[in-house]
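Visitor: Here it is, the structure in full.
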Amino acid sequence: MSHARPAALIFDLDGTLVDTAPDLAHATNALRTHHGLAPLPYEAIRAQVSNGGSALVELALGLAPSHADHGEARRYLLETYGRNIAVHSRVFPGLTPLLEAWDRTQRPWGIVTNKPRAYAAPLVEALGLTHGVLLAADDLPLNKPDPAPLLEAARRLGVAPGDCWYIGDHLRDMQAAQAAGMHAVAVRYGYISDEATPDTWPVDRWFETPESLTQALWPGEDEAACRPG
């Protein structure tokens, strides 16, 4: 098939579909405040969001996962985040017309994330996303970069893996997509750290902005239905 209009879309969650960095930054700086430290700049935290809670603890306190105090600090961060799961988080605005058009035409789409279900499900519910499938970190034995959750998402959506785009902002997303036989689509607007080398990722297609992704998938036809309300 032509990848210009895939049969299904599967999104990574944090930094790809939803801008969760503001609420995760709040939790990270709350952890620093708890330890008597000054807040970190937002951009420093944003770049680490896709690396998970342990990376945010290490950023906030300098505690490696092997440190005796790391686990307790991570629990504090995640409990704080869990109480503020969707205060400032939102779907990247440029993707809203795409999701509206995809839903209106009953095209299948879903979410595969390494975020635990305890945080992913309430976030998605709070944002009112009408996804066909949500697979979180603890739903299957294996997580990205293993292709298993992507393949399971395609199965639940009733679409062949080769007819899916998997869209993400991390190397593990692209590795999982390639291993699953999906079109590997990376977004530069996501949470890409300074240490990352995205130009070396196994990517089929890049998008710089949410708007350019929407335009590629829904290029002007039925614009009234695609226009944000």
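Within each chain, counting starts at residue 1; across the structure tokens, chains are named A, B, ... in the order shown, with ligands numbered 1 upward in that order.
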If you count only C-alpha atoms, which residues fall within 10 Å of Arg188 (chain A), apart from same-chain ones fewer than 4 positions away, as a list in words?

Guide: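 Result of the neighbour search: Gly15, Thr16, Gly168, Asp169, His170, Ile192, Pro198, Trp206, Phe207, Glu208, Thr209 and Pro210 of chain A.
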
Visitor: Taking the DSSP secondary structure from the backbone, can you list the residues of region 106-203 of chain A that are alpha helix (DSSP H), as JSON, numbers by chain?

Guide: {"A": [117, 118, 119, 120, 121, 122, 123, 124, 125, 126, 148, 149, 150, 151, 152, 153, 154, 155, 156, 157, 171, 172, 173, 174, 175, 176, 177, 178, 179, 180]}

Visitor: Write a file of the just-selected residues containing C-alpha atoms, as a tab-separated table (two decimals), in the first residue's frame.

Guide:
```tsv
chain	number	residue	atom	x	y	z
A	117	ARG	CA	-1.48	2.20	32.84
A	118	ALA	CA	-2.07	3.87	36.23
A	119	TYR	CA	-0.97	7.14	34.61
A	120	ALA	CA	-1.71	6.57	30.91
A	121	ALA	CA	-5.38	5.59	31.28
A	122	PRO	CA	-6.48	8.53	33.49
A	123	LEU	CA	-4.57	10.95	31.26
A	124	VAL	CA	-6.18	9.67	28.06
A	125	GLU	CA	-9.61	9.65	29.72
A	126	ALA	CA	-9.20	13.20	31.01
A	148	ALA	CA	5.15	-6.98	20.73
A	149	PRO	CA	2.90	-4.12	21.90
A	150	LEU	CA	2.79	-2.57	18.42
A	151	LEU	CA	1.83	-5.90	16.88
A	152	GLU	CA	-0.84	-6.44	19.52
A	153	ALA	CA	-2.23	-2.95	18.89
A	154	ALA	CA	-2.46	-3.65	15.16
A	155	ARG	CA	-4.21	-6.94	15.89
A	156	ARG	CA	-6.78	-5.23	18.12
A	157	LEU	CA	-7.35	-2.54	15.50
A	171	LEU	CA	14.85	5.76	19.30
A	172	ARG	CA	12.97	2.87	20.94
A	173	ASP	CA	9.80	3.92	19.07
A	174	MET	CA	11.55	3.67	15.72
A	175	GLN	CA	13.22	0.37	16.63
A	176	ALA	CA	9.86	-1.10	17.64
A	177	ALA	CA	8.17	0.16	14.48
A	178	GLN	CA	10.83	-1.25	12.20
A	179	ALA	CA	10.80	-4.60	14.02
A	180	ALA	CA	7.00	-4.72	13.73
```

Visitor: Using only C-alpha atoms, which residue out of A:Pro147, A:Asp103, A:Glu195, A:Leu213 lies closest to Ala44 (chain A)?

Guide: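 Checking each candidate against Ala44 (chain A), we get A:Glu195 as the closest.
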
Visitor: Could you check the closest approach to Asn114 (chain A) for each of A:Met182, A:Ile10, A:Ala60, A:Ala136 and tell me which residue wins, using only C-alpha atoms?

Guide: A:Ala136

Visitor: As number ranges by chain, please: every residue in region 5-176 of chain A that DSSP puts in strand (DSSP E or B).

Guide: A: 8-11, 14, 18-19, 90-91, 109-112, 133-135, 164-168

Visitor: Counting only C-alpha atoms, what is within 9 Å of region 29-37 of chain A, bar same-chain residues fewer than 2 positions away, as a list in words?

Guide: Leu24, Ala25, His26, Ala27, Pro39, Leu40, Ile45, Val57, Ala60, Leu61, Ala73, Arg74, Tyr76, Leu77 and Thr80 of chain A

Visitor: Quick one: of A:Ala160, A:Val49, A:Leu135, A:Leu95, who's nearest to Asp23 (chain A), counting only C-alpha atoms?

Guide: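 That would be A:Val49, the residue with the smallest distance to Asp23 (chain A).
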
Visitor: Considering only C-alpha atoms, can you say which of A:Val112, A:Cys164, A:Leu13, A:Val185 comes closest to Asp139 (chain A)?

Guide: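 Using only C-alpha atoms, Asp139 (chain A) sits closest to A:Val112.
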
Visitor: When you draw a straight line from CA of Phe11 (chain A) to CA of Asp199 (chain A), how long is it in Å?

Guide: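 Those two atoms sit 20.2 Å apart.
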
Visitor: For Ser193 (chain A), which residue among A:Leu140, A:Ala8, A:Glu43, A:Ala216 is the nearest when counting only C-alpha atoms?

Guide: A:Glu43
